[in-house]
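Quick look at entry20.pdb (PDB, C-alpha atoms):
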ATOM      1  CA  MET A   1     138.508  39.483 104.490
ATOM      2  CA  PRO A   2     136.222  37.198 102.493
ATOM      3  CA  THR A   3     137.383  36.140  99.054
ATOM      4  CA  ASP A   4     133.924  35.539  97.633
ATOM      5  CA  PRO A   5     133.518  37.146  94.155
ATOM      6  CA  ALA A   6     130.211  38.664  95.303
ATOM      7  CA  TRP A   7     132.032  40.734  97.895
ATOM      8  CA  ARG A   8     134.459  41.955  95.285
ATOM      9  CA  VAL A   9     131.595  43.120  93.058
ATOM     10  CA  LEU A  10     129.983  44.908  96.005
ATOM     11  CA  LEU A  11     133.230  46.686  96.852
ATOM     12  CA  VAL A  12     133.658  47.828  93.245
ATOM     13  CA  ILE A  13     130.100  49.193  93.130
ATOM     14  CA  THR A  14     130.590  51.040  96.442
ATOM     15  CA  LEU A  15     133.851  52.517  95.171
ATOM     16  CA  PHE A  16     132.199  53.776  91.981
ATOM     17  CA  TRP A  17     129.328  55.281  94.024
ATOM     18  CA  LEU A  18     131.755  57.167  96.271
ATOM     19  CA  ILE A  19     133.602  58.489  93.250
ATOM     20  CA  TRP A  20     130.300  59.670  91.689
ATOM     21  CA  VAL A  21     129.256  61.477  94.902
ATOM     22  CA  TRP A  22     132.624  63.197  95.116
ATOM     23  CA  TYR A  23     132.407  64.291  91.451
ATOM     24  CA  CYS A  24     128.891  65.744  91.955
ATOM     25  CA  ARG A  25     130.096  67.771  94.913
ATOM     26  CA  GLN A  26     133.074  69.098  93.002
ATOM     27  CA  HIS A  27     131.000  69.948  89.899
ATOM     28  CA  PRO A  28     127.550  71.216  90.994
ATOM     29  CA  PRO A  29     124.943  71.865  88.291
ATOM     30  CA  SER A  30     124.718  75.370  86.859
ATOM     31  CA  ASN A  31     122.052  77.828  88.057
ATOM     32  CA  SER A  32     120.410  77.992  84.660
ATOM     33  CA  SER A  33     119.478  74.347  84.789
ATOM     34  CA  ALA A  34     118.381  74.578  88.443
ATOM     35  CA  VAL A  35     115.819  77.372  87.824
ATOM     36  CA  PRO A  36     112.394  75.784  87.326
ATOM     37  CA  LEU A  37     110.535  76.651  84.189
ATOM     38  CA  GLN A  38     107.714  79.148  84.730
ATOM     39  CA  ARG A  39     104.545  79.064  82.740
ATOM     40  CA  LEU A  40     103.798  82.055  80.553
ATOM     41  CA  LEU A  41     100.912  84.193  81.771
ATOM     42  CA  LYS A  42      98.198  84.875  79.226
ATOM     43  CA  PRO A  43      96.879  88.460  79.060
ATOM     44  CA  ARG A  44      93.250  89.181  79.836
ATOM     45  CA  THR A  45      90.748  91.466  78.063
ATOM     46  CA  PRO A  46      88.253  94.072  79.325
ATOM     47  CA  ALA A  47      85.576  91.398  78.939
ATOM     48  CA  ASP A  48      86.998  89.774  82.087
ATOM     49  CA  CYS A  49      86.433  92.948  84.176
ATOM     50  CA  SER A  50      82.901  93.440  85.504
ATOM     51  CA  ALA A  51      83.381  97.219  85.780
ATOM     52  CA  CYS A  52      84.394  97.444  82.110
ATOM     53  CA  ARG A  53      81.334  95.437  81.084
ATOM     54  CA  GLN A  54      79.052  97.779  83.028
ATOM     55  CA  HIS A  55      80.592 100.892  81.476
ATOM     56  CA  ALA A  56      80.479  99.477  77.951
ATOM     57  CA  ALA A  57      77.166 101.274  77.274
ATOM     58  CA  PRO A  58      77.241 104.021  74.623
ATOM     59  CA  PRO A  59      78.057 107.454  76.022
ATOM     60  CA  ASP A  60      75.378 110.035  76.616
ATOM     61  CA  THR A  61      74.998 112.352  73.626
ATOM     62  CA  ALA A  62      72.882 114.967  75.379
ATOM     63  CA  THR A  63      73.579 118.501  74.235
ATOM     64  CA  ALA A  64      75.180 121.009  76.569
ATOM     65  CA  HIS A  65      73.088 123.669  78.260
ATOM     66  CA  PRO A  66      73.147 127.118  76.716
ATOM     67  CA  PRO A  67      75.192 129.775  78.522
ATOM     68  CA  VAL A  68      73.441 131.397  81.478
ATOM     69  CA  THR A  69      72.842 135.121  81.591
ATOM     70  CA  PRO A  70      74.596 136.696  84.602
ATOM     71  CA  TRP A  71      72.167 137.635  87.351
ATOM     72  CA  SER A  72      73.757 141.084  87.617
ATOM     73  CA  ALA A  73      72.382 141.816  84.122
ATOM     74  CA  ILE A  74      68.854 140.731  85.065
ATOM     75  CA  LYS A  75      68.286 142.137  88.558
ATOM     76  CA  SER A  76      67.171 145.677  89.276
ATOM     77  CA  ARG A  77      69.737 148.362  89.973
ATOM     78  CA  ARG A  78      67.871 149.445  93.088
ATOM     79  CA  GLY A  79      68.528 148.074  96.571
ATOM     80  CA  ALA A  80      71.557 147.645  98.803
ATOM     81  CA  ARG A  81      74.894 146.624  97.400
ATOM     82  CA  LYS A  82      76.191 143.067  97.850
ATOM     83  CA  ARG A  83      78.367 142.856 100.970
ATOM     84  CA  ILE A  84      78.891 139.105 101.495
ATOM     85  CA  ASN A  85      81.490 137.375  99.340
ATOM     86  CA  THR A  86      79.736 134.410  97.685
ATOM     87  CA  GLN A  87      82.604 133.245  95.503
ATOM     88  CA  GLY A  88      82.885 129.448  95.645
ATOM     89  CA  PHE A  89      79.271 128.831  96.702
ATOM     90  CA  ALA A  90      76.483 127.638  94.408
ATOM     91  CA  CYS A  91      72.715 127.269  94.509
ATOM     92  CA  PRO A  92      71.755 123.687  95.594
ATOM     93  CA  ASN A  93      68.367 123.778  93.804
ATOM     94  CA  ARG A  94      68.491 121.513  90.749
ATOM     95  CA  GLN A  95      65.594 123.380  89.125
ATOM     96  CA  CYS A  96      67.399 126.709  89.300
ATOM     97  CA  ALA A  97      69.122 128.098  86.228
ATOM     98  CA  TYR A  98      72.182 128.921  88.382
ATOM     99  CA  TYR A  99      72.554 125.443  89.848
ATOM    100  CA  ARG A 100      76.199 124.586  90.636
ATOM    101  CA  LEU A 101      77.509 127.939  89.365
ATOM    102  CA  THR A 102      80.218 129.043  91.808
ATOM    103  CA  ASP A 103      81.252 132.214  89.982
ATOM    104  CA  ALA A 104      80.136 135.279  91.927
ATOM    105  CA  GLN A 105      79.857 137.235  88.667
ATOM    106  CA  LEU A 106      77.200 134.812  87.357
ATOM    107  CA  HIS A 107      75.123 133.346  90.181
ATOM    108  CA  ALA A 108      72.395 135.104  92.166
ATOM    109  CA  LEU A 109      73.580 134.445  95.722
ATOM    110  CA  VAL A 110      73.453 137.102  98.434
ATOM    111  CA  GLY A 111      73.799 137.072 102.204
ATOM    112  CA  ASP A 112      70.656 136.320 104.227
ATOM    113  CA  GLY A 113      71.709 136.784 107.845
ATOM    114  CA  ALA A 114      73.376 134.353 110.196
ATOM    115  CA  HIS A 115      72.365 131.724 112.738
ATOM    116  CA  GLY A 116      73.950 129.630 115.473
ATOM    117  CA  ARG A 117      74.433 130.138 119.195
ATOM    118  CA  GLY A 118      78.006 129.016 119.718
ATOM    119  CA  GLU A 119      79.449 130.595 116.566
ATOM    120  CA  ARG A 120      78.175 132.669 113.674
ATOM    121  CA  ILE A 121      77.144 130.640 110.608
ATOM    122  CA  GLN A 122      76.381 132.595 107.446
ATOM    123  CA  THR A 123      73.175 131.913 105.488
ATOM    124  CA  LEU A 124      72.936 132.536 101.739
ATOM    125  CA  ARG A 125      69.899 133.052  99.532
ATOM    126  CA  CYS A 126      69.502 132.621  95.791
ATOM    127  CA  GLN A 127      67.582 135.600  94.386
ATOM    128  CA  ALA A 128      66.543 133.624  91.310
ATOM    129  CA  CYS A 129      64.726 130.702  93.005
ATOM    130  CA  LYS A 130      64.499 132.055  96.612
ATOM    131  CA  THR A 131      66.368 129.010  98.031
ATOM    132  CA  THR A 132      68.204 129.570 101.334
ATOM    133  CA  PHE A 133      71.023 127.391 102.627
ATOM    134  CA  SER A 134      73.922 127.466 105.056
ATOM    135  CA  THR A 135      77.523 128.015 104.040
ATOM    136  CA  ARG A 136      78.295 124.733 105.809
ATOM    137  CA  ARG A 137      76.194 122.760 103.364
ATOM    138  CA  ALA A 138      78.101 119.870 101.741
ATOM    139  CA  THR A 139      80.868 120.170 104.366
ATOM    140  CA  PRO A 140      81.753 117.882 107.315
ATOM    141  CA  LEU A 141      80.376 120.505 109.741
ATOM    142  CA  TYR A 142      76.898 120.594 108.198
ATOM    143  CA  ARG A 143      74.130 120.330 110.852
ATOM    144  CA  LEU A 144      76.600 119.882 113.710
ATOM    145  CA  LYS A 145      75.890 121.981 116.804
ATOM    146  CA  THR A 146      79.260 121.506 118.509
ATOM    147  CA  ALA A 147      81.847 124.233 118.029
ATOM    148  CA  SER A 148      84.070 123.670 115.018
ATOM    149  CA  HIS A 149      87.317 124.048 116.996
ATOM    150  CA  ARG A 150      86.169 121.295 119.353
ATOM    151  CA  ILE A 151      85.432 118.952 116.452
ATOM    152  CA  ALA A 152      88.841 119.783 114.979
ATOM    153  CA  GLU A 153      90.550 118.830 118.260
ATOM    154  CA  VAL A 154      88.788 115.453 118.402
ATOM    155  CA  LEU A 155      89.503 114.653 114.736
ATOM    156  CA  THR A 156      93.150 115.631 115.144
ATOM    157  CA  ALA A 157      93.492 113.251 118.070
ATOM    158  CA  LEU A 158      91.844 110.465 116.082
ATOM    159  CA  ALA A 159      94.168 111.114 113.144
ATOM    160  CA  GLU A 160      97.171 110.801 115.475
ATOM    161  CA  GLY A 161      96.109 107.284 116.502
ATOM    162  CA  LEU A 162      93.745 107.810 119.435
ATOM    163  CA  SER A 163      90.913 105.282 119.399
ATOM    164  CA  VAL A 164      87.258 106.256 119.524
ATOM    165  CA  ALA A 165      86.855 104.642 122.941
ATOM    166  CA  ALA A 166      89.817 106.610 124.321
ATOM    167  CA  ALA A 167      88.527 109.844 122.735
ATOM    168  CA  THR A 168      85.201 109.276 124.494
ATOM    169  CA  ARG A 169      86.956 109.188 127.875
ATOM    170  CA  VAL A 170      89.313 112.083 127.132
ATOM    171  CA  PHE A 171      86.898 114.597 125.572
ATOM    172  CA  GLY A 172      83.691 113.504 127.285
ATOM    173  CA  HIS A 173      81.513 113.094 124.174
ATOM    174  CA  ARG A 174      79.362 110.093 123.391
ATOM    175  CA  HIS A 175      80.733 107.226 121.325
ATOM    176  CA  ALA A 176      78.025 107.674 118.662
ATOM    177  CA  THR A 177      78.759 111.412 118.436
ATOM    178  CA  ILE A 178      82.479 110.936 117.841
ATOM    179  CA  THR A 179      81.743 108.187 115.329
ATOM    180  CA  ARG A 180      79.462 110.559 113.414
ATOM    181  CA  TRP A 181      82.164 113.234 113.460
ATOM    182  CA  LEU A 182      84.580 110.659 112.037
ATOM    183  CA  THR A 183      82.347 109.271 109.277
ATOM    184  CA  HIS A 184      81.259 112.653 107.899
ATOM    185  CA  PRO A 185      84.816 113.903 107.182
ATOM    186  CA  GLY A 186      85.693 110.462 105.825
ATOM    187  CA  ALA A 187      82.912 110.579 103.234
ATOM    188  CA  HIS A 188      83.770 114.203 102.442
ATOM    189  CA  SER A 189      87.457 113.329 101.976
ATOM    190  CA  ALA A 190      86.482 110.524  99.605
ATOM    191  CA  LEU A 191      84.543 113.019  97.476
ATOM    192  CA  ILE A 192      87.486 115.431  97.447
ATOM    193  CA  HIS A 193      89.840 112.589  96.485
ATOM    194  CA  GLN A 194      87.499 111.611  93.672
ATOM    195  CA  ARG A 195      87.162 115.205  92.499
ATOM    196  CA  PHE A 196      90.832 116.228  92.436
ATOM    197  CA  GLY A 197      92.471 112.827  91.834
ATOM    198  CA  GLU A 198      91.879 112.901  88.085
ATOM    199  CA  ARG A 199      94.065 113.332  84.988
ATOM    200  CA  LEU A 200      97.196 112.366  86.904
ATOM    201  CA  HIS A 201     100.635 112.122  85.289
ATOM    202  CA  LEU A 202     102.517 109.485  87.286
ATOM    203  CA  PRO A 203     105.699 107.911  85.845
ATOM    204  CA  HIS A 204     105.931 105.000  88.304
ATOM    205  CA  LEU A 205     103.347 103.194  90.422
ATOM    206  CA  GLN A 206     103.866 100.518  93.030
ATOM    207  CA  LEU A 207     100.973  98.073  93.511
ATOM    208  CA  ASP A 208     100.583  96.292  96.813
ATOM    209  CA  GLU A 209      98.001  94.939  99.239
ATOM    210  CA  LEU A 210      97.877  95.119 103.033
ATOM    211  CA  ARG A 211      96.352  92.411 105.203
ATOM    212  CA  THR A 212      93.917  93.620 107.850
ATOM    213  CA  ARG A 213      91.330  92.131 110.160
ATOM    214  CA  LEU A 214      88.394  93.853 111.842
ATOM    215  CA  ARG A 215      87.456  93.105 115.409
ATOM    216  CA  THR A 216      83.854  92.204 114.719
ATOM    217  CA  TRP A 217      84.612  90.252 111.519
ATOM    218  CA  THR A 218      85.993  86.761 111.421
ATOM    219  CA  HIS A 219      87.420  86.853 107.903
ATOM    220  CA  VAL A 220      90.441  88.767 106.648
ATOM    221  CA  LEU A 221      90.230  91.867 104.440
ATOM    222  CA  TRP A 222      92.854  93.204 102.069
ATOM    223  CA  LEU A 223      93.556  96.871 101.384
ATOM    224  CA  TRP A 224      94.686  97.232  97.768
ATOM    225  CA  LEU A 225      96.564 100.417  96.903
ATOM    226  CA  ALA A 226      98.644 102.085  94.228
ATOM    227  CA  LEU A 227     101.480 104.342  95.392
ATOM    228  CA  ASP A 228     103.653 106.831  93.568
ATOM    229  CA  PRO A 229     107.092 106.416  95.234
ATOM    230  CA  LEU A 230     108.211 109.914  94.177
ATOM    231  CA  THR A 231     105.332 112.119  95.350
ATOM    232  CA  LYS A 232     103.766 109.578  97.779
ATOM    233  CA  ILE A 233     100.403 110.055  96.089
ATOM    234  CA  ILE A 234      97.932 107.200  96.591
ATOM    235  CA  PRO A 235      95.475 107.580  93.698
ATOM    236  CA  VAL A 236      93.483 104.408  94.458
ATOM    237  CA  LEU A 237      92.444 102.548  97.600
ATOM    238  CA  GLN A 238      90.342  99.398  97.320
ATOM    239  CA  LEU A 239      89.077  97.303 100.242
ATOM    240  CA  GLY A 240      88.045  93.736  99.534
ATOM    241  CA  ALA A 241      89.112  90.120  99.265
ATOM    242  CA  ARG A 242      92.327  88.947  97.645
ATOM    243  CA  THR A 243      90.621  87.900  94.422
ATOM    244  CA  GLN A 244      90.866  88.651  90.733
ATOM    245  CA  ALA A 245      87.633  90.672  90.841
ATOM    246  CA  THR A 246      89.079  93.087  93.415
ATOM    247  CA  ALA A 247      92.282  93.441  91.390
ATOM    248  CA  HIS A 248      90.226  94.295  88.311
ATOM    249  CA  ALA A 249      88.215  96.878  90.285
ATOM    250  CA  MET A 250      91.360  98.536  91.628
ATOM    251  CA  VAL A 251      93.132  98.760  88.262
ATOM    252  CA  HIS A 252      89.889  99.871  86.563
ATOM    253  CA  GLU A 253      89.613 102.856  88.920
ATOM    254  CA  LEU A 254      93.332 103.582  88.512
ATOM    255  CA  HIS A 255      93.013 103.579  84.720
ATOM    256  CA  GLY A 256      90.223 106.164  84.964
ATOM    257  CA  ARG A 257      92.296 108.505  87.139
ATOM    258  CA  LEU A 258      95.341 108.620  84.882
ATOM    259  CA  ALA A 259      95.614 111.240  82.181
ATOM    260  CA  ASN A 260      95.099 110.319  78.551
ATOM    261  CA  GLY A 261      98.268 108.814  77.160
ATOM    262  CA  CYS A 262      99.860 108.314  80.598
ATOM    263  CA  LEU A 263     101.296 104.797  80.950
ATOM    264  CA  PRO A 264     103.387 104.428  84.124
ATOM    265  CA  VAL A 265     105.878 101.706  84.940
ATOM    266  CA  PHE A 266     104.177  99.228  87.282
ATOM    267  CA  THR A 267     105.886  97.125  89.942
ATOM    268  CA  SER A 268     104.356  94.737  92.468
ATOM    269  CA  ASP A 269     105.038  91.600  94.441
ATOM    270  CA  ALA A 270     104.778  88.104  92.991
ATOM    271  CA  LEU A 271     100.968  88.183  92.895
ATOM    272  CA  ASN A 272      99.958  87.381  89.306
ATOM    273  CA  LEU A 273      96.522  88.982  89.742
ATOM    274  CA  TYR A 274      98.103  92.347  88.906
ATOM    275  CA  PHE A 275      99.350  91.055  85.559
ATOM    276  CA  TYR A 276      95.887  89.955  84.495
ATOM    277  CA  ALA A 277      94.315  93.238  85.651
ATOM    278  CA  LEU A 278      96.919  95.450  83.948
ATOM    279  CA  THR A 279      96.795  93.632  80.633
ATOM    280  CA  ALA A 280      92.987  93.839  80.666
ATOM    281  CA  HIS A 281      92.897  97.648  81.000
ATOM    282  CA  PHE A 282      95.941  98.992  79.184
ATOM    283  CA  GLY A 283      95.552  98.214  75.512
ATOM    284  CA  GLN A 284      93.138  98.572  72.633
ATOM    285  CA  TRP A 285      90.732  96.571  70.523
ATOM    286  CA  LEU A 286      91.846  95.811  66.969
ATOM    287  CA  ALA A 287      89.737  94.662  64.077
ATOM    288  CA  GLY A 288      90.143  90.915  63.596
ATOM    289  CA  ALA A 289      90.210  88.780  60.495
ATOM    290  CA  GLY A 290      87.989  85.860  59.566
ATOM    291  CA  ARG A 291      85.521  84.741  62.179
ATOM    292  CA  ARG A 292      87.082  86.895  64.904
ATOM    293  CA  THR A 293      85.453  90.321  64.751
ATOM    294  CA  ARG A 294      88.078  91.937  66.962
ATOM    295  CA  ARG A 295      90.986  91.062  69.196
ATOM    296  CA  TRP A 296      92.539  92.699  72.244
ATOM    297  CA  GLN A 297      96.111  93.975  71.959
ATOM    298  CA  VAL A 298      98.037  94.931  75.083
ATOM    299  CA  ALA A 299      99.728  98.342  74.964
ATOM    300  CA  ALA A 300     103.220  98.074  73.502
ATOM    301  CA  GLY A 301     104.659 100.448  76.113
ATOM    302  CA  LEU A 302     103.280  98.595  79.131
ATOM    303  CA  ILE A 303     106.184  97.769  81.485
ATOM    304  CA  TYR A 304     105.393  95.617  84.498
ATOM    305  CA  GLY A 305     107.872  93.982  86.850
ATOM    306  CA  GLN A 306     107.534  91.743  89.885
ATOM    307  CA  VAL A 307     109.819  92.010  92.890
ATOM    308  CA  LYS A 308     110.279  88.518  94.352
ATOM    309  CA  LYS A 309     112.007  88.361  97.722
ATOM    310  CA  ARG A 310     114.098  85.276  98.556
TER     311      ARG A 310
END

Could you render the structure as structure tokens?
Amino acid sequence: MPTDPAWRVLLVITLFWLIWVWYCRQHPPSNSSAVPLQRLLKPRTPADCSACRQHAAPPDTATAHPPVTPWSAIKSRRGARKRINTQGFACPNRQCAYYRLTDAQLHALVGDGAHGRGERIQTLRCQACKTTFSTRRATPLYRLKTASHRIAEVLTALAEGLSVAAATRVFGHRHATITRWLTHPGAHSALIHQRFGERLHLPHLQLDELRTRLRTWTHVLWLWLALDPLTKIIPVLQLGARTQATAHAMVHELHGRLANGCLPVFTSDALNLYFYALTAHFGQWLAGAGRRTRRWQVAAGLIYGQVKKR
């Protein structure tokens, strides 16, 4: 073994290094010091949402229409009695005084025969404006000549996962015909969802997005949704890119469907776009001081948590 002092110094340094490595393995750093510091997210305001800026116009202050006199009090007592139940139907003529009145005690609708070769379709007539229309108006079966039970069979098969191409081979209808049968109920379902999905009281909402790709499109689309884990209600569906603008649009529609004063607990994945969208819609404007005319304050009861999987 060499007796050079340089070798002795090198051996001492190596010995100290081995001791330091052993000590680090025996005493690892605590988890608190290992967690990286995360930057604080700054809330956004409704000025960052394009939908909020478009709806910032002053509300319409038009006066309500006066109450309509029931048609039963205006018409003559002579003639045949009403035999067709018209409850739930309304006159489609915008110029009529009974437009959109579905109460059979108020509107002037009566039966006006039937038409159709395959099945009987009732026709109604408004005695006030003489407008005639089918009972299938504003329904998915409007102006369709195929029997309704046949359309129901095809739509049921499509809802169970059968593709349009396979339905064409199984049922023998054209591809364009089945596509039209599919788009009409889809648009009608969207109207029903918009009509009845209002003033909701939901205690908890889960926010998430699904990745999807269309066959004829080269880019990827994202399906944004809000889900109530208790009732499985999906109040909002938004199709678009994974951007802040789409997140604002989804939360803006969700805010309009919730009842006044309803503030659910929100949970999502680690996507920070939800934080900016939630803080921009759940809060209120407060009068500012000095040069600032007003400032946005996030709702004190807003609870939002992110579930990060590791």

Evaluate the PyMOL selection byres ((chain A and resi 182) around 12) and record the selected residues as an MDAnalysis selection string, following the chain and residue labels used in the document.
chainID A and resid 140:141 151:159 163:164 167 175:181 183:189

Limited to C-alpha atoms, could you put the picked residues into a file as a compact mmCIF listing (two decimals), keeping the file's coordinate frame?
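Result saved to part03.txt:
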# COMPACT_ATOMS: atom_id res chain seq x y z
CA PRO A 140 81.75 117.88 107.32
CA LEU A 141 80.38 120.50 109.74
CA ILE A 151 85.43 118.95 116.45
CA ALA A 152 88.84 119.78 114.98
CA GLU A 153 90.55 118.83 118.26
CA VAL A 154 88.79 115.45 118.40
CA LEU A 155 89.50 114.65 114.74
CA THR A 156 93.15 115.63 115.14
CA ALA A 157 93.49 113.25 118.07
CA LEU A 158 91.84 110.46 116.08
CA ALA A 159 94.17 111.11 113.14
CA SER A 163 90.91 105.28 119.40
CA VAL A 164 87.26 106.26 119.52
CA ALA A 167 88.53 109.84 122.74
CA HIS A 175 80.73 107.23 121.32
CA ALA A 176 78.03 107.67 118.66
CA THR A 177 78.76 111.41 118.44
CA ILE A 178 82.48 110.94 117.84
CA THR A 179 81.74 108.19 115.33
CA ARG A 180 79.46 110.56 113.41
CA TRP A 181 82.16 113.23 113.46
CA THR A 183 82.35 109.27 109.28
CA HIS A 184 81.26 112.65 107.90
CA PRO A 185 84.82 113.90 107.18
CA GLY A 186 85.69 110.46 105.82
CA ALA A 187 82.91 110.58 103.23
CA HIS A 188 83.77 114.20 102.44
CA SER A 189 87.46 113.33 101.98

Picked residues, the PyMOL selection byres ((chain A and resi 118) around 8), expected as JSON, numbers by chain:
{"A": [116, 117, 119, 120, 145, 146, 147]}

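Atom to atom, CA of Thr45 in chain A and CA of Phe266 in chain A stand 18.0 Å apart.
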
Write out as number ranges by chain the residues lying within 6 Å of range 196-206 of chain A, counting only C-alpha atoms and excluding same-chain residues fewer than 2 positions away.
A: 193-194, 226-228, 257-259, 264-268

Evaluate the PyMOL selection byres ((chain A and resi 240-245) around 6) against this structure - the residues, as a PyMOL selection string, please.
chain A and resi 221-222+239+246-248+273

Those residues with C-alpha atoms, as a JSON list (two decimals), in the coordinates of the input please?
[["chain", "number", "residue", "atom", "x", "y", "z"],
["A", 221, "LEU", "CA", 90.23, 91.87, 104.44],
["A", 222, "TRP", "CA", 92.85, 93.20, 102.07],
["A", 239, "LEU", "CA", 89.08, 97.30, 100.24],
["A", 246, "THR", "CA", 89.08, 93.09, 93.42],
["A", 247, "ALA", "CA", 92.28, 93.44, 91.39],
["A", 248, "HIS", "CA", 90.23, 94.30, 88.31],
["A", 273, "LEU", "CA", 96.52, 88.98, 89.74]]

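Proximity of A:Gly288, A:Leu278, A:Gln122, A:Arg294 to Pro43 in chain A, computed with all atoms listed in the file, is greatest for A:Leu278.
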
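The residue set within 9 Å of Ala51 in chain A, counting only C-alpha atoms and dropping same-chain residues fewer than 6 places from it, reads His248, Ala249, His252 and Glu253 of chain A.
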
Extending 8 Å beyond the listed atoms of range 192-195 of chain A on each side, what axis-aligned box results? I want centre and edge lengths in Å to one decimal, as AutoDock Vina command-line options.
--center_x 88.5 --center_y 113.5 --center_z 95.0 --size_x 18.7 --size_y 19.8 --size_z 20.9

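Each of A:Leu271, A:Ile192, A:Ala90, A:Ala47 was checked against Glu209 in chain A using only C-alpha atoms; the smallest atom-to-atom distance is that of A:Leu271.
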
Residues within 12 Å of (71.5, 129.3, 83.4), file coordinates, counting only C-alpha atoms: what are they? Give the list as a ChimeraX atom specification.
/A:64-71,74,91,94-101,106-108,128-129

Counting only C-alpha atoms, which of A:Ser72, A:Thr135, A:Thr123, A:Gln297 gets nearest to Phe89 in chain A?
A:Thr135

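From CA of Tyr276 in chain A back to CA of Arg44 in chain A, the distance works out to 5.4 Å.
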
At a cut-off of 7 Å from (74.1, 135.3, 105.1) in the coordinates of the file, what residues are picked up using only C-alpha atoms, written as a short mmCIF file (atom, residue, chain, number, x, y, z; two decimals) with C-alpha atoms, in the frame of the given file?
data_model
loop_
_atom_site.label_atom_id
_atom_site.label_comp_id
_atom_site.auth_asym_id
_atom_site.auth_seq_id
_atom_site.Cartn_x
_atom_site.Cartn_y
_atom_site.Cartn_z
CA VAL A 110 73.45 137.10 98.43
CA GLY A 111 73.80 137.07 102.20
CA ASP A 112 70.66 136.32 104.23
CA GLY A 113 71.71 136.78 107.84
CA ALA A 114 73.38 134.35 110.20
CA GLN A 122 76.38 132.60 107.45
CA THR A 123 73.18 131.91 105.49
CA LEU A 124 72.94 132.54 101.74
#

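Considering only C-alpha atoms, the residue among A:Leu11, A:Leu263, A:Gln284, A:Phe275 positioned nearest to Leu302 in chain A is A:Leu263.
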
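One distance worth recording is that between CA of Leu41 in chain A and CA of Gly305 in chain A, which is 13.0 Å.
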
How about completing range 199-211 of chain A with N, CA and C atoms and giving it to me as a PDB file, keeping the file's coordinate frame?
ATOM      1  N   ARG A 199      93.102 112.875  86.000  1.00  0.00           N
ATOM      2  CA  ARG A 199      94.065 113.332  84.988  1.00  0.00           C
ATOM      3  C   ARG A 199      95.476 113.451  85.581  1.00  0.00           C
ATOM      4  N   LEU A 200      95.895 112.384  86.239  1.00  0.00           N
ATOM      5  CA  LEU A 200      97.196 112.366  86.904  1.00  0.00           C
ATOM      6  C   LEU A 200      98.288 111.910  85.937  1.00  0.00           C
ATOM      7  N   HIS A 201      99.454 112.515  86.055  1.00  0.00           N
ATOM      8  CA  HIS A 201     100.635 112.122  85.289  1.00  0.00           C
ATOM      9  C   HIS A 201     101.634 111.513  86.272  1.00  0.00           C
ATOM     10  N   LEU A 202     101.662 110.198  86.345  1.00  0.00           N
ATOM     11  CA  LEU A 202     102.517 109.485  87.286  1.00  0.00           C
ATOM     12  C   LEU A 202     103.453 108.565  86.505  1.00  0.00           C
ATOM     13  N   PRO A 203     104.772 108.743  86.630  1.00  0.00           N
ATOM     14  CA  PRO A 203     105.699 107.911  85.845  1.00  0.00           C
ATOM     15  C   PRO A 203     105.876 106.504  86.393  1.00  0.00           C
ATOM     16  N   HIS A 204     105.681 106.306  87.685  1.00  0.00           N
ATOM     17  CA  HIS A 204     105.931 105.000  88.304  1.00  0.00           C
ATOM     18  C   HIS A 204     104.893 104.765  89.390  1.00  0.00           C
ATOM     19  N   LEU A 205     104.335 103.563  89.417  1.00  0.00           N
ATOM     20  CA  LEU A 205     103.347 103.194  90.422  1.00  0.00           C
ATOM     21  C   LEU A 205     103.705 101.834  91.003  1.00  0.00           C
ATOM     22  N   GLN A 206     103.652 101.762  92.317  1.00  0.00           N
ATOM     23  CA  GLN A 206     103.866 100.518  93.030  1.00  0.00           C
ATOM     24  C   GLN A 206     102.518  99.966  93.488  1.00  0.00           C
ATOM     25  N   LEU A 207     102.226  98.722  93.158  1.00  0.00           N
ATOM     26  CA  LEU A 207     100.973  98.073  93.511  1.00  0.00           C
ATOM     27  C   LEU A 207     101.229  97.085  94.637  1.00  0.00           C
ATOM     28  N   ASP A 208     100.390  97.167  95.665  1.00  0.00           N
ATOM     29  CA  ASP A 208     100.583  96.292  96.813  1.00  0.00           C
ATOM     30  C   ASP A 208      99.256  96.138  97.537  1.00  0.00           C
ATOM     31  N   GLU A 209      99.201  95.173  98.438  1.00  0.00           N
ATOM     32  CA  GLU A 209      98.001  94.939  99.239  1.00  0.00           C
ATOM     33  C   GLU A 209      98.408  94.689 100.684  1.00  0.00           C
ATOM     34  N   LEU A 210      97.614  95.237 101.602  1.00  0.00           N
ATOM     35  CA  LEU A 210      97.877  95.119 103.033  1.00  0.00           C
ATOM     36  C   LEU A 210      96.827  94.219 103.661  1.00  0.00           C
ATOM     37  N   ARG A 211      97.255  93.341 104.527  1.00  0.00           N
ATOM     38  CA  ARG A 211      96.352  92.411 105.203  1.00  0.00           C
ATOM     39  C   ARG A 211      95.828  93.050 106.478  1.00  0.00           C
TER      40      ARG A 211
END
